[in-house]
Structures are given as structure tokens and as C-alpha cells.
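See structure below.
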Amino acid sequence: MALGAVAIGRHRRSRQSPVTVTGTTAENVPANNLIATVEVRPDSPTANENDSTSDLKPDLLLAVTAPKAPAFAPGSWVNSDSLTIEKLRGRVVLVEFWTFGCYNCRNTLPSVKDWDVKYRDRGLTIVGVHTPETDSEYNLENVRREVPSLGIKYPVVTDNDYQTWKAYNVEAWPTIFVIDKQGRIRWLHVGEGMYEETASVIEALVAEN
């Protein structure tokens, strides 16, 4: 298994410095095989019944074993009316757990905003789940001010009580999930980087029927 160091935001509870993450990465997959690994069998019982996110490994493109994406917990929405995973069926959904004061989250923003521009009309919806770390990040007015100031035009929902964070078993900022048109988690990446690989996953999933 590949050992890759990634820069990530601190875990709220442990307040740790950036850590090293071990896992199977897309770097292990030849570039010309990455999209070929996407095999969807909508009639598979495994695909329909797997609801656990606890065994997800970073940077591994999933197919029939992909777990069902948990619902968004109630929160305040910015740039959008309230959305649900069910309402978004038929679209690819990229969910990023972030917070406006997180340095690493800000470093991912150029790529996330580029994906929104490039893929929105092709079937991608990005949802920023704003799970706060500092006291000022819990304030809704601060979130409403920071979102446009950062040039974010995609939907953002607050997660002040960490319900969505816990449902997705998130441990650090930023964390990105890519969900397919059937509502299954097909890609997970923790921290900065892997932008080209994530874009390749988006490309593959928006092309799926």
C-alpha cells in the first residue's frame, strides 16, 4: 500500500497537527485505467444495501461496494434552497467538509470552484458542508459573509452540531466525497491535493447513465 503525506485541517476534537494518511491511492492505478475501474451494476443487492461509511478508504475509486451517502442534517443553506441527497438523485454530488477559517480548505477552493464552473451544466452539484472549528465559524452571519467573499457560488449548508460530519465519519478538514447518480459514495479524499484524480472521477461519474 502506498504511503502518502497530505496536508489536512485539524480534527476538532484532537486538535492535531497535519498527519500522514495511509491508504490505497489513485496513484496506484495507471492513468489510462482510472475511468475503466468504474463499473456500475444498479441491480446489485450489495450496492443497494451497503449503508456504512466506516470502512471507506481514501483515494480508492469504488464501484458496486460503494455505500449509500448519508442524508444532510438540518442546517442553514447559503446560495440554495434546502437540498437533500434524494432530491439530487440523477446528478453527481461532490460534498466538501470545510470551514471558512481553515487554511487547507482555502487551498482547495480554486479547484472546487473550477469543478463547479466546468461540470455544473454537465450534471455536477457541489455542496459545501460548513462544519465549524472556531467560535466565529459558528456564527451564521459570518458564514453568509465569507461565502460570497471567497467567490463560492455553489450551495453551502451549516453543520454546527456536527451531525452530518459524524454521519459521514469525517475526521479532518477538508474532506471531499464524490457521490454518483444513484446516491452512492464513490470517492473519498482527505486533505489537499489529488485534484486531477478527483476531476477524473467526476468526469467518469457524470458520463455514467
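Each chain in the C-alpha cells gets a letter, A, B, ..., in the order shown, and its residues are numbered from 1; ligands are numbered from 1 in order too.
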Skipping near chain neighbours, those fewer than 6 positions away, what residues fall within 9 Å of Phe72 (chain A) using only C-alpha atoms, listed as number ranges by chain?
A: 83-85, 129, 157, 159, 163-164, 167
Dump as a short mmCIF file (atom, residue, chain, number, x, y, z; two decimals), in the first residue's frame, selection limited to all heavy atoms:
data_model
loop_
_atom_site.label_atom_id
_atom_site.label_comp_id
_atom_site.auth_asym_id
_atom_site.auth_seq_id
_atom_site.Cartn_x
_atom_site.Cartn_y
_atom_site.Cartn_z
N LEU A 83 -31.42 21.34 0.15
CA LEU A 83 -31.22 20.21 -0.74
C LEU A 83 -31.13 18.92 0.08
O LEU A 83 -30.75 18.95 1.25
CB LEU A 83 -29.94 20.38 -1.56
CG LEU A 83 -29.89 21.56 -2.52
CD1 LEU A 83 -28.48 21.67 -3.13
CD2 LEU A 83 -30.94 21.42 -3.62
N THR A 84 -31.45 17.82 -0.56
CA THR A 84 -31.28 16.50 0.06
C THR A 84 -30.59 15.58 -0.94
O THR A 84 -30.60 15.83 -2.15
CB THR A 84 -32.63 15.87 0.45
OG1 THR A 84 -33.38 15.57 -0.75
CG2 THR A 84 -33.46 16.80 1.34
N ILE A 85 -30.00 14.53 -0.43
CA ILE A 85 -29.39 13.53 -1.31
C ILE A 85 -30.44 12.95 -2.24
O ILE A 85 -30.18 12.71 -3.43
CB ILE A 85 -28.71 12.42 -0.48
CG1 ILE A 85 -27.52 12.98 0.32
CG2 ILE A 85 -28.26 11.28 -1.38
CD1 ILE A 85 -26.38 13.49 -0.54
N VAL A 129 -20.30 21.53 3.04
CA VAL A 129 -20.82 21.35 4.40
C VAL A 129 -19.90 22.10 5.35
O VAL A 129 -18.75 21.69 5.55
CB VAL A 129 -20.92 19.86 4.78
CG1 VAL A 129 -21.43 19.72 6.21
CG2 VAL A 129 -21.85 19.13 3.81
N VAL A 157 -24.17 24.44 3.29
CA VAL A 157 -25.08 24.21 4.41
C VAL A 157 -24.26 24.16 5.70
O VAL A 157 -23.16 23.61 5.74
CB VAL A 157 -25.88 22.90 4.22
CG1 VAL A 157 -24.97 21.68 4.12
CG2 VAL A 157 -26.91 22.73 5.34
N ASP A 159 -23.33 23.05 9.53
CA ASP A 159 -23.35 21.78 10.27
C ASP A 159 -22.82 22.02 11.67
O ASP A 159 -21.89 21.38 12.13
CB ASP A 159 -22.48 20.75 9.51
CG ASP A 159 -22.51 19.36 10.11
OD1 ASP A 159 -23.58 18.95 10.60
OD2 ASP A 159 -21.46 18.69 10.09
N GLN A 163 -23.67 16.92 13.02
CA GLN A 163 -24.46 15.74 12.70
C GLN A 163 -24.06 15.14 11.35
O GLN A 163 -23.94 13.92 11.22
CB GLN A 163 -25.95 16.08 12.70
CG GLN A 163 -26.54 16.28 14.09
CD GLN A 163 -28.05 16.42 14.04
OE1 GLN A 163 -28.73 15.85 13.19
NE2 GLN A 163 -28.59 17.22 14.95
N THR A 164 -23.90 15.99 10.33
CA THR A 164 -23.52 15.47 9.02
C THR A 164 -22.08 14.97 9.05
O THR A 164 -21.75 13.92 8.48
CB THR A 164 -23.70 16.54 7.93
OG1 THR A 164 -25.04 17.02 7.97
CG2 THR A 164 -23.42 15.97 6.55
N ALA A 167 -22.17 11.59 10.55
CA ALA A 167 -22.82 10.62 9.67
C ALA A 167 -21.87 10.13 8.59
O ALA A 167 -21.93 8.96 8.17
CB ALA A 167 -24.07 11.23 9.05
#
Got a sec: who's within 8 Å of Leu205 (chain A), counting only C-alpha atoms, leaving out chain neighbours fewer than 4 positions off, as a ChimeraX atom specification?
/A:92,180-181,201
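Nearest residue to Val156 (chain A) among A:Val170, A:Val93, A:Met194, A:Val143 is A:Val143, counting only C-alpha atoms.
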Just list as a PyMOL selection string whatever in region 62-206 of chain A DSSP marks as alpha helix (DSSP H).
chain A and resi 103-119+140-149+163-167+195-206
Between CA of Arg122 (chain A) and CA of Ser82 (chain A), what is the distance, to one decimal in Å?
21.2 Å
Please provide as an mmCIF file with N, CA, C and O atoms, in the first residue's frame all residues within 12 Å of Ile185 (chain A), with the sequence filter that same-chain residues fewer than 2 positions apart are discarded (counting only C-alpha atoms).
data_model
loop_
_atom_site.group_PDB
_atom_site.id
_atom_site.type_symbol
_atom_site.label_atom_id
_atom_site.label_comp_id
_atom_site.auth_asym_id
_atom_site.auth_seq_id
_atom_site.Cartn_x
_atom_site.Cartn_y
_atom_site.Cartn_z
ATOM 1 N N ALA A 47 -24.822 -3.052 -3.748
ATOM 2 C CA ALA A 47 -24.799 -1.611 -3.958
ATOM 3 C C ALA A 47 -25.968 -0.948 -3.263
ATOM 4 O O ALA A 47 -25.864 0.163 -2.772
ATOM 5 N N ASN A 48 -27.114 -1.630 -3.188
ATOM 6 C CA ASN A 48 -28.301 -1.025 -2.613
ATOM 7 C C ASN A 48 -28.336 -1.114 -1.101
ATOM 8 O O ASN A 48 -28.980 -0.317 -0.441
ATOM 9 N N ASN A 50 -25.558 -1.498 1.182
ATOM 10 C CA ASN A 50 -24.417 -1.064 1.956
ATOM 11 C C ASN A 50 -24.597 0.388 2.378
ATOM 12 O O ASN A 50 -24.475 1.294 1.569
ATOM 13 N N ASP A 51 -24.881 0.612 3.662
ATOM 14 C CA ASP A 51 -25.106 1.961 4.160
ATOM 15 C C ASP A 51 -23.975 2.446 5.062
ATOM 16 O O ASP A 51 -24.072 3.523 5.638
ATOM 17 N N SER A 52 -22.927 1.662 5.229
ATOM 18 C CA SER A 52 -21.868 2.006 6.170
ATOM 19 C C SER A 52 -20.777 2.823 5.495
ATOM 20 O O SER A 52 -20.276 2.454 4.438
ATOM 21 N N THR A 53 -20.404 3.933 6.132
ATOM 22 C CA THR A 53 -19.285 4.736 5.644
ATOM 23 C C THR A 53 -18.017 4.496 6.458
ATOM 24 O O THR A 53 -16.990 5.096 6.181
ATOM 25 N N SER A 54 -18.089 3.611 7.454
ATOM 26 C CA SER A 54 -16.963 3.454 8.377
ATOM 27 C C SER A 54 -15.763 2.770 7.745
ATOM 28 O O SER A 54 -14.639 2.912 8.221
ATOM 29 N N ASP A 55 -15.968 2.004 6.662
ATOM 30 C CA ASP A 55 -14.871 1.267 6.056
ATOM 31 C C ASP A 55 -14.306 1.926 4.797
ATOM 32 O O ASP A 55 -13.493 1.336 4.097
ATOM 33 N N LEU A 56 -14.728 3.149 4.508
ATOM 34 C CA LEU A 56 -14.238 3.832 3.312
ATOM 35 C C LEU A 56 -12.747 4.100 3.421
ATOM 36 O O LEU A 56 -12.255 4.509 4.468
ATOM 37 N N LYS A 57 -12.031 3.882 2.321
ATOM 38 C CA LYS A 57 -10.600 4.176 2.283
ATOM 39 C C LYS A 57 -10.368 5.366 1.353
ATOM 40 O O LYS A 57 -11.000 5.470 0.303
ATOM 41 N N PRO A 58 -9.463 6.273 1.728
ATOM 42 C CA PRO A 58 -9.202 7.445 0.878
ATOM 43 C C PRO A 58 -8.651 7.062 -0.484
ATOM 44 O O PRO A 58 -7.897 6.101 -0.630
ATOM 45 N N ASP A 59 -9.055 7.844 -1.484
ATOM 46 C CA ASP A 59 -8.449 7.812 -2.815
ATOM 47 C C ASP A 59 -8.581 6.461 -3.511
ATOM 48 O O ASP A 59 -7.729 6.065 -4.297
ATOM 49 N N LEU A 60 -9.639 5.741 -3.227
ATOM 50 C CA LEU A 60 -9.920 4.473 -3.887
ATOM 51 C C LEU A 60 -11.263 4.595 -4.583
ATOM 52 O O LEU A 60 -12.283 4.848 -3.938
ATOM 53 N N LEU A 61 -11.258 4.462 -5.897
ATOM 54 C CA LEU A 61 -12.485 4.604 -6.670
ATOM 55 C C LEU A 61 -13.343 3.366 -6.482
ATOM 56 O O LEU A 61 -12.942 2.258 -6.825
ATOM 57 N N LEU A 62 -14.527 3.554 -5.928
ATOM 58 C CA LEU A 62 -15.402 2.438 -5.592
ATOM 59 C C LEU A 62 -16.422 2.187 -6.685
ATOM 60 O O LEU A 62 -16.751 3.058 -7.468
ATOM 61 N N ALA A 63 -16.959 0.956 -6.695
ATOM 62 C CA ALA A 63 -17.997 0.630 -7.668
ATOM 63 C C ALA A 63 -19.162 -0.023 -6.935
ATOM 64 O O ALA A 63 -19.851 0.631 -6.181
ATOM 65 N N VAL A 64 -19.358 -1.318 -7.103
ATOM 66 C CA VAL A 64 -20.575 -1.947 -6.570
ATOM 67 C C VAL A 64 -20.590 -2.012 -5.045
ATOM 68 O O VAL A 64 -21.647 -2.193 -4.448
ATOM 69 N N THR A 65 -19.436 -1.892 -4.396
ATOM 70 C CA THR A 65 -19.408 -1.924 -2.935
ATOM 71 C C THR A 65 -19.597 -0.552 -2.315
ATOM 72 O O THR A 65 -19.513 -0.402 -1.105
ATOM 73 N N ALA A 66 -19.837 0.459 -3.127
ATOM 74 C CA ALA A 66 -19.931 1.830 -2.623
ATOM 75 C C ALA A 66 -21.116 1.976 -1.679
ATOM 76 O O ALA A 66 -22.228 1.563 -2.005
ATOM 77 N N PRO A 67 -20.909 2.600 -0.507
ATOM 78 C CA PRO A 67 -22.010 2.757 0.448
ATOM 79 C C PRO A 67 -22.951 3.890 0.053
ATOM 80 O O PRO A 67 -22.573 4.818 -0.660
ATOM 81 N N LYS A 68 -24.149 3.795 0.529
ATOM 82 C CA LYS A 68 -25.139 4.848 0.315
ATOM 83 C C LYS A 68 -24.722 6.103 1.074
ATOM 84 O O LYS A 68 -24.288 6.036 2.224
ATOM 85 N N ALA A 69 -24.833 7.255 0.438
ATOM 86 C CA ALA A 69 -24.463 8.518 1.090
ATOM 87 C C ALA A 69 -25.480 8.878 2.166
ATOM 88 O O ALA A 69 -26.689 8.834 1.910
ATOM 89 N N PRO A 70 -25.024 9.234 3.367
ATOM 90 C CA PRO A 70 -25.957 9.672 4.405
ATOM 91 C C PRO A 70 -26.661 10.974 4.024
ATOM 92 O O PRO A 70 -26.172 11.749 3.199
ATOM 93 N N ALA A 71 -27.792 11.212 4.639
ATOM 94 C CA ALA A 71 -28.546 12.445 4.406
ATOM 95 C C ALA A 71 -27.824 13.634 5.035
ATOM 96 O O ALA A 71 -27.031 13.485 5.982
ATOM 97 N N ILE A 85 -30.004 14.526 -0.429
ATOM 98 C CA ILE A 85 -29.387 13.535 -1.305
ATOM 99 C C ILE A 85 -30.442 12.947 -2.241
ATOM 100 O O ILE A 85 -30.175 12.714 -3.429
ATOM 101 N N VAL A 92 -24.455 13.930 -10.155
ATOM 102 C CA VAL A 92 -23.264 13.633 -9.369
ATOM 103 C C VAL A 92 -23.139 14.729 -8.314
ATOM 104 O O VAL A 92 -23.354 15.912 -8.608
ATOM 105 N N VAL A 93 -22.818 14.347 -7.088
ATOM 106 C CA VAL A 93 -22.736 15.314 -5.989
ATOM 107 C C VAL A 93 -21.346 15.242 -5.365
ATOM 108 O O VAL A 93 -20.886 14.167 -4.975
ATOM 109 N N LEU A 94 -20.675 16.377 -5.303
ATOM 110 C CA LEU A 94 -19.415 16.476 -4.583
ATOM 111 C C LEU A 94 -19.689 17.191 -3.263
ATOM 112 O O LEU A 94 -20.203 18.312 -3.264
ATOM 113 N N VAL A 95 -19.393 16.530 -2.178
ATOM 114 C CA VAL A 95 -19.601 17.092 -0.840
ATOM 115 C C VAL A 95 -18.237 17.387 -0.232
ATOM 116 O O VAL A 95 -17.397 16.485 -0.110
ATOM 117 N N TYR A 168 -20.973 11.024 8.127
ATOM 118 C CA TYR A 168 -20.009 10.668 7.083
ATOM 119 C C TYR A 168 -18.676 10.180 7.657
ATOM 120 O O TYR A 168 -17.744 9.917 6.906
ATOM 121 N N ILE A 176 -13.335 15.492 1.042
ATOM 122 C CA ILE A 176 -14.209 15.506 -0.146
ATOM 123 C C ILE A 176 -14.768 14.116 -0.402
ATOM 124 O O ILE A 176 -14.039 13.116 -0.370
ATOM 125 N N PHE A 177 -16.081 14.057 -0.636
ATOM 126 C CA PHE A 177 -16.753 12.846 -1.090
ATOM 127 C C PHE A 177 -17.353 13.132 -2.462
ATOM 128 O O PHE A 177 -17.881 14.223 -2.688
ATOM 129 N N VAL A 178 -17.293 12.156 -3.362
ATOM 130 C CA VAL A 178 -17.999 12.269 -4.635
ATOM 131 C C VAL A 178 -19.044 11.152 -4.677
ATOM 132 O O VAL A 178 -18.717 9.977 -4.497
ATOM 133 N N ILE A 179 -20.283 11.548 -4.905
ATOM 134 C CA ILE A 179 -21.439 10.654 -4.851
ATOM 135 C C ILE A 179 -22.001 10.504 -6.256
ATOM 136 O O ILE A 179 -22.146 11.488 -6.987
ATOM 137 N N ASP A 180 -22.327 9.274 -6.648
ATOM 138 C CA ASP A 180 -22.801 9.046 -8.006
ATOM 139 C C ASP A 180 -24.298 9.335 -8.144
ATOM 140 O O ASP A 180 -24.967 9.747 -7.187
ATOM 141 N N LYS A 181 -24.821 9.137 -9.336
ATOM 142 C CA LYS A 181 -26.213 9.491 -9.632
ATOM 143 C C LYS A 181 -27.220 8.626 -8.889
ATOM 144 O O LYS A 181 -28.398 8.986 -8.782
ATOM 145 N N GLN A 182 -26.751 7.492 -8.364
ATOM 146 C CA GLN A 182 -27.611 6.615 -7.570
ATOM 147 C C GLN A 182 -27.514 6.895 -6.073
ATOM 148 O O GLN A 182 -28.099 6.188 -5.267
ATOM 149 N N GLY A 183 -26.734 7.926 -5.703
ATOM 150 C CA GLY A 183 -26.631 8.309 -4.296
ATOM 151 C C GLY A 183 -25.619 7.492 -3.509
ATOM 152 O O GLY A 183 -25.717 7.414 -2.284
ATOM 153 N N TRP A 187 -16.023 8.076 -4.092
ATOM 154 C CA TRP A 187 -14.665 8.639 -3.959
ATOM 155 C C TRP A 187 -14.577 9.420 -2.666
ATOM 156 O O TRP A 187 -15.492 10.157 -2.294
ATOM 157 N N LEU A 188 -13.459 9.252 -1.973
ATOM 158 C CA LEU A 188 -13.176 9.976 -0.736
ATOM 159 C C LEU A 188 -11.739 10.446 -0.774
ATOM 160 O O LEU A 188 -10.832 9.665 -1.082
ATOM 161 N N HIS A 189 -11.540 11.727 -0.482
ATOM 162 C CA HIS A 189 -10.179 12.241 -0.349
ATOM 163 C C HIS A 189 -10.107 13.169 0.852
ATOM 164 O O HIS A 189 -10.959 14.043 1.038
ATOM 165 N N VAL A 201 -12.493 11.358 -11.597
ATOM 166 C CA VAL A 201 -13.653 10.667 -11.029
ATOM 167 C C VAL A 201 -14.941 11.399 -11.430
ATOM 168 O O VAL A 201 -15.933 10.766 -11.836
ATOM 169 N N ILE A 202 -14.928 12.722 -11.314
ATOM 170 C CA ILE A 202 -16.113 13.497 -11.713
ATOM 171 C C ILE A 202 -16.445 13.244 -13.181
ATOM 172 O O ILE A 202 -17.595 13.000 -13.539
ATOM 173 N N LEU A 205 -18.057 9.830 -13.577
ATOM 174 C CA LEU A 205 -19.390 9.677 -12.998
ATOM 175 C C LEU A 205 -20.448 10.483 -13.738
ATOM 176 O O LEU A 205 -21.600 10.043 -13.853
#
Nearest to Pro74 (chain A), chosen from A:Phe100, A:Glu137, A:Leu150, A:Asp161, with only C-alpha atoms counted in the distances:
A:Asp161
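The spacing separating CA of Lys87 (chain A) from CA of Val127 (chain A) amounts to 12.8 Å.
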